file coords11.pdb (PDB, C-alpha atoms)
ATOM      1  CA  GLN R 606       5.910 131.495-119.432  1.00  0.00           C
ATOM      2  CA  VAL R 607       4.133 134.187-117.450  1.00  0.00           C
ATOM      3  CA  GLN R 608       0.417 134.216-116.760  1.00  0.00           C
ATOM      4  CA  LEU R 609      -1.368 137.495-116.107  1.00  0.00           C
ATOM      5  CA  VAL R 610      -4.812 137.439-114.507  1.00  0.00           C
ATOM      6  CA  GLU R 611      -6.828 140.649-114.502  1.00  0.00           C
ATOM      7  CA  SER R 612      -9.845 141.600-112.441  1.00  0.00           C
ATOM      8  CA  GLY R 613     -11.904 144.645-111.573  1.00  0.00           C
ATOM      9  CA  GLY R 614     -13.536 145.695-114.810  1.00  0.00           C
ATOM     10  CA  GLY R 615     -17.216 146.459-115.089  1.00  0.00           C
ATOM     11  CA  LEU R 616     -19.879 149.039-115.820  1.00  0.00           C
ATOM     12  CA  VAL R 617     -19.758 152.434-114.157  1.00  0.00           C
ATOM     13  CA  GLN R 618     -21.390 155.806-114.685  1.00  0.00           C
ATOM     14  CA  ALA R 619     -19.388 158.770-115.896  1.00  0.00           C
ATOM     15  CA  GLY R 620     -17.522 160.361-113.002  1.00  0.00           C
ATOM     16  CA  GLY R 621     -17.257 157.069-111.180  1.00  0.00           C
ATOM     17  CA  SER R 622     -14.247 154.959-110.249  1.00  0.00           C
ATOM     18  CA  LEU R 623     -12.937 151.473-110.837  1.00  0.00           C
ATOM     19  CA  ARG R 624      -9.806 149.657-109.718  1.00  0.00           C
ATOM     20  CA  LEU R 625      -8.172 147.070-111.945  1.00  0.00           C
ATOM     21  CA  SER R 626      -5.791 144.436-110.618  1.00  0.00           C
ATOM     22  CA  CYS R 627      -3.381 142.160-112.449  1.00  0.00           C
ATOM     23  CA  THR R 628      -1.389 139.382-110.819  1.00  0.00           C
ATOM     24  CA  ALA R 629       1.533 137.687-112.509  1.00  0.00           C
ATOM     25  CA  SER R 630       2.467 134.050-111.947  1.00  0.00           C
ATOM     26  CA  GLY R 631       4.753 131.475-113.498  1.00  0.00           C
ATOM     27  CA  ARG R 632       8.285 132.368-114.584  1.00  0.00           C
ATOM     28  CA  ILE R 633       8.179 135.918-113.263  1.00  0.00           C
ATOM     29  CA  PHE R 634      11.906 136.276-112.704  1.00  0.00           C
ATOM     30  CA  GLY R 635      13.211 139.334-114.485  1.00  0.00           C
ATOM     31  CA  ILE R 636       9.842 141.025-115.054  1.00  0.00           C
ATOM     32  CA  ASN R 637      10.606 144.746-115.054  1.00  0.00           C
ATOM     33  CA  VAL R 638       7.780 146.731-116.598  1.00  0.00           C
ATOM     34  CA  MET R 639       4.138 146.075-115.803  1.00  0.00           C
ATOM     35  CA  GLY R 640       1.368 148.174-117.181  1.00  0.00           C
ATOM     36  CA  TRP R 641      -2.034 148.577-118.714  1.00  0.00           C
ATOM     37  CA  TYR R 642      -3.104 149.052-122.300  1.00  0.00           C
ATOM     38  CA  ARG R 643      -6.596 149.507-123.673  1.00  0.00           C
ATOM     39  CA  GLN R 644      -8.350 148.925-126.939  1.00  0.00           C
ATOM     40  CA  ALA R 645     -11.651 150.475-127.887  1.00  0.00           C
ATOM     41  CA  PRO R 646     -13.749 149.132-130.786  1.00  0.00           C
ATOM     42  CA  GLY R 647     -12.254 150.139-134.103  1.00  0.00           C
ATOM     43  CA  LYS R 648      -9.153 151.622-132.510  1.00  0.00           C
ATOM     44  CA  GLN R 649      -5.591 150.492-131.969  1.00  0.00           C
ATOM     45  CA  ARG R 650      -4.392 149.231-128.622  1.00  0.00           C
ATOM     46  CA  GLU R 651      -2.816 152.091-126.676  1.00  0.00           C
ATOM     47  CA  LEU R 652      -0.720 152.466-123.571  1.00  0.00           C
ATOM     48  CA  VAL R 653      -2.630 153.701-120.539  1.00  0.00           C
ATOM     49  CA  ALA R 654       0.024 153.520-117.826  1.00  0.00           C
ATOM     50  CA  ALA R 655       3.137 151.553-116.972  1.00  0.00           C
ATOM     51  CA  THR R 656       5.524 151.216-114.067  1.00  0.00           C
ATOM     52  CA  THR R 657       8.929 149.686-113.520  1.00  0.00           C
ATOM     53  CA  ARG R 658      10.160 147.733-110.501  1.00  0.00           C
ATOM     54  CA  GLU R 659      11.801 150.983-109.395  1.00  0.00           C
ATOM     55  CA  ASP R 660       8.404 152.757-109.521  1.00  0.00           C
ATOM     56  CA  ASN R 661       9.153 154.860-112.561  1.00  0.00           C
ATOM     57  CA  THR R 662       5.751 155.552-114.077  1.00  0.00           C
ATOM     58  CA  ASN R 663       4.425 156.666-117.446  1.00  0.00           C
ATOM     59  CA  TYR R 664       0.876 157.747-118.304  1.00  0.00           C
ATOM     60  CA  ALA R 665      -1.034 158.520-121.437  1.00  0.00           C
ATOM     61  CA  ASP R 666      -1.871 162.221-121.581  1.00  0.00           C
ATOM     62  CA  SER R 667      -5.580 161.398-121.694  1.00  0.00           C
ATOM     63  CA  VAL R 668      -5.515 159.796-118.228  1.00  0.00           C
ATOM     64  CA  LYS R 669      -3.014 161.969-116.366  1.00  0.00           C
ATOM     65  CA  GLY R 670      -4.506 163.279-113.151  1.00  0.00           C
ATOM     66  CA  ARG R 671      -7.340 160.728-113.227  1.00  0.00           C
ATOM     67  CA  PHE R 672      -5.627 157.317-113.232  1.00  0.00           C
ATOM     68  CA  THR R 673      -2.941 156.040-110.892  1.00  0.00           C
ATOM     69  CA  ILE R 674      -0.820 152.963-111.446  1.00  0.00           C
ATOM     70  CA  SER R 675       0.774 151.194-108.504  1.00  0.00           C
ATOM     71  CA  ARG R 676       2.621 147.971-107.955  1.00  0.00           C
ATOM     72  CA  ASP R 677       3.158 145.485-105.144  1.00  0.00           C
ATOM     73  CA  ASN R 678       6.320 143.578-106.055  1.00  0.00           C
ATOM     74  CA  ALA R 679       5.869 141.153-103.168  1.00  0.00           C
ATOM     75  CA  LYS R 680       2.489 140.115-104.594  1.00  0.00           C
ATOM     76  CA  ASN R 681       3.566 140.412-108.244  1.00  0.00           C
ATOM     77  CA  THR R 682       0.515 142.582-108.741  1.00  0.00           C
ATOM     78  CA  VAL R 683      -0.092 145.850-110.536  1.00  0.00           C
ATOM     79  CA  TYR R 684      -3.127 148.043-109.957  1.00  0.00           C
ATOM     80  CA  LEU R 685      -4.826 150.771-111.942  1.00  0.00           C
ATOM     81  CA  GLN R 686      -7.006 153.133-109.961  1.00  0.00           C
ATOM     82  CA  MET R 687      -9.306 154.919-112.381  1.00  0.00           C
ATOM     83  CA  ASN R 688     -11.172 157.986-111.145  1.00  0.00           C
ATOM     84  CA  SER R 689     -13.365 160.534-112.896  1.00  0.00           C
ATOM     85  CA  LEU R 690     -14.110 158.028-115.609  1.00  0.00           C
ATOM     86  CA  LYS R 691     -15.401 159.272-118.940  1.00  0.00           C
ATOM     87  CA  PRO R 692     -17.347 157.457-121.670  1.00  0.00           C
ATOM     88  CA  GLU R 693     -14.237 157.653-123.850  1.00  0.00           C
ATOM     89  CA  ASP R 694     -12.437 155.457-121.329  1.00  0.00           C
ATOM     90  CA  THR R 695     -14.657 152.579-122.426  1.00  0.00           C
ATOM     91  CA  ALA R 696     -12.432 149.804-123.755  1.00  0.00           C
ATOM     92  CA  VAL R 697     -10.996 146.395-123.068  1.00  0.00           C
ATOM     93  CA  TYR R 698      -8.098 146.879-120.694  1.00  0.00           C
ATOM     94  CA  TYR R 699      -5.123 144.546-120.991  1.00  0.00           C
ATOM     95  CA  CYS R 700      -2.398 143.904-118.463  1.00  0.00           C
ATOM     96  CA  ASN R 701       1.115 143.769-119.866  1.00  0.00           C
ATOM     97  CA  ALA R 702       4.415 142.550-118.455  1.00  0.00           C
ATOM     98  CA  VAL R 703       7.854 142.908-120.003  1.00  0.00           C
ATOM     99  CA  ARG R 704      10.964 141.040-118.937  1.00  0.00           C
ATOM    100  CA  TRP R 705      14.462 142.544-118.991  1.00  0.00           C
ATOM    101  CA  ASN R 706      15.176 140.638-122.218  1.00  0.00           C
ATOM    102  CA  SER R 707      12.050 142.186-123.817  1.00  0.00           C
ATOM    103  CA  ASP R 708       9.856 139.079-123.576  1.00  0.00           C
ATOM    104  CA  ASN R 709       6.333 140.447-123.645  1.00  0.00           C
ATOM    105  CA  TYR R 710       3.232 138.969-121.971  1.00  0.00           C
ATOM    106  CA  TRP R 711      -0.454 139.895-122.072  1.00  0.00           C
ATOM    107  CA  GLY R 712      -3.488 139.212-119.955  1.00  0.00           C
ATOM    108  CA  GLN R 713      -6.817 138.143-121.408  1.00  0.00           C
ATOM    109  CA  GLY R 714      -8.369 141.592-121.028  1.00  0.00           C
ATOM    110  CA  THR R 715     -11.134 143.012-118.880  1.00  0.00           C
ATOM    111  CA  GLN R 716     -14.002 145.159-120.144  1.00  0.00           C
ATOM    112  CA  VAL R 717     -14.491 148.644-118.742  1.00  0.00           C
ATOM    113  CA  THR R 718     -17.691 150.385-119.794  1.00  0.00           C
ATOM    114  CA  VAL R 719     -18.458 153.966-118.772  1.00  0.00           C
ATOM    115  CA  SER R 720     -22.020 155.132-119.358  1.00  0.00           C
ATOM    116  CA  SER R 721     -22.897 158.783-119.898  1.00  0.00           C
TER     117      SER R 721
END
call {"tool": "encode", "arguments": {"input": "coords11.pdb", "output": "structure tokens"}}
result
Amino acid sequence: QVQLVESGGGLVQAGGSLRLSCTASGRIFGINVMGWYRQAPGKQRELVAATTREDNTNYADSVKGRFTISRDNAKNTVYLQMNSLKPEDTAVYYCNAVRWNSDNYWGQGTQVTVSS
């Protein structure tokens, strides 16, 4: 099993910044993709950003140019730097990790609230 522990959520005004962190522990061998999803009330969970061990990244169109995903493989940690936050970014943000064999793991979620 893999445990994912997230931190860094909170309340911020529109235009502000937050940095989320997610550290993986346990049976982390073979974890390739790590990323962030979010789910707003009444909406489906959606991909925000993801990165592979080789630093190939993918972003949702809605966050391109504002969010940056990065990864420290030595610390088994993935970060999401969120700048120019908008009220529509308000959601619970979930860390995700995927192993080479497609085993999928989720964090418990961290709330991000952006006030207008």
call {"tool": "resolve_selection", "arguments": {"input": "coords11.pdb", "expression": "the PyMOL selection byres ((chain R and resi 672-682) around 7)", "output": "PyMOL selection string"}}
result
chain R and resi 626-629+654-655+668-671+683-688
call {"tool": "axis_aligned_box", "arguments": {"input": "coords11.pdb", "around": "stretch 688-705 of chain R", "padding_each_side": "4 Å", "output": "AutoDock Vina command-line options"}}
result
--center_x -1.4 --center_y 150.8 --center_z -117.5 --size_x 39.8 --size_y 27.5 --size_z 20.7
call {"tool": "residues_near_point", "arguments": {"input": "coords11.pdb", "point": "(-17.6, 154.4, -123.4)", "cutoff": "9 Å", "atoms": "all atoms listed in the file", "output": "PDB file with C-alpha atoms, in the frame of the given file"}}
result
ATOM      1  CA  ALA R 619     -19.388 158.770-115.896  1.00  0.00           C
ATOM      2  CA  ALA R 645     -11.651 150.475-127.887  1.00  0.00           C
ATOM      3  CA  LYS R 691     -15.401 159.272-118.940  1.00  0.00           C
ATOM      4  CA  PRO R 692     -17.347 157.457-121.670  1.00  0.00           C
ATOM      5  CA  GLU R 693     -14.237 157.653-123.850  1.00  0.00           C
ATOM      6  CA  ASP R 694     -12.437 155.457-121.329  1.00  0.00           C
ATOM      7  CA  THR R 695     -14.657 152.579-122.426  1.00  0.00           C
ATOM      8  CA  ALA R 696     -12.432 149.804-123.755  1.00  0.00           C
ATOM      9  CA  VAL R 717     -14.491 148.644-118.742  1.00  0.00           C
ATOM     10  CA  THR R 718     -17.691 150.385-119.794  1.00  0.00           C
ATOM     11  CA  VAL R 719     -18.458 153.966-118.772  1.00  0.00           C
ATOM     12  CA  SER R 720     -22.020 155.132-119.358  1.00  0.00           C
ATOM     13  CA  SER R 721     -22.897 158.783-119.898  1.00  0.00           C
TER      14      SER R 721
END
call {"tool": "residues_near_point", "arguments": {"input": "coords11.pdb", "point": "(-11.9, 146.9, -112.8)", "cutoff": "7 Å", "atoms": "all atoms listed in the file", "output": "ChimeraX atom specification"}}
result
/R:612-615,623-626,717
call {"tool": "resolve_selection", "arguments": {"input": "coords11.pdb", "expression": "the PyMOL selection byres ((chain R and resi 705) around 6)", "output": "list in words"}}
result
Gly635, Asn637, Arg704, Asn706 and Ser707 of chain R
call {"tool": "atom_distance", "arguments": {"input": "coords11.pdb", "atom1": "atom CA of R:Asn701", "atom2": "atom CA of R:Asn663"}}
result
13.5 Å
call {"tool": "resolve_selection", "arguments": {"input": "coords11.pdb", "expression": "the PyMOL selection byres ((chain R and resi 609) around 12)", "output": "count of residues only"}}
result
33
call {"tool": "residues_around", "arguments": {"input": "coords11.pdb", "residues": "R:Gly621", "least_positions_apart": "2", "cutoff": "6 Å", "atoms": "all atoms listed in the file", "output": "JSON, numbers by chain"}}
result
{"R": [618, 619, 689, 690]}
call {"tool": "atom_distance", "arguments": {"input": "coords11.pdb", "atom1": "atom CA of R:Asp660", "atom2": "atom CA of R:Leu616"}}
result
29.2 Å
call {"tool": "atom_distance", "arguments": {"input": "coords11.pdb", "atom1": "atom CA of R:Val638", "atom2": "atom CA of R:Thr662"}}
result
9.4 Å
call {"tool": "closest_residue", "arguments": {"input": "coords11.pdb", "among": "R:Ser667, R:Thr656, R:Asn661, R:Val697", "to": "R:Tyr642", "atoms": "only C-alpha atoms"}}
result
R:Val697
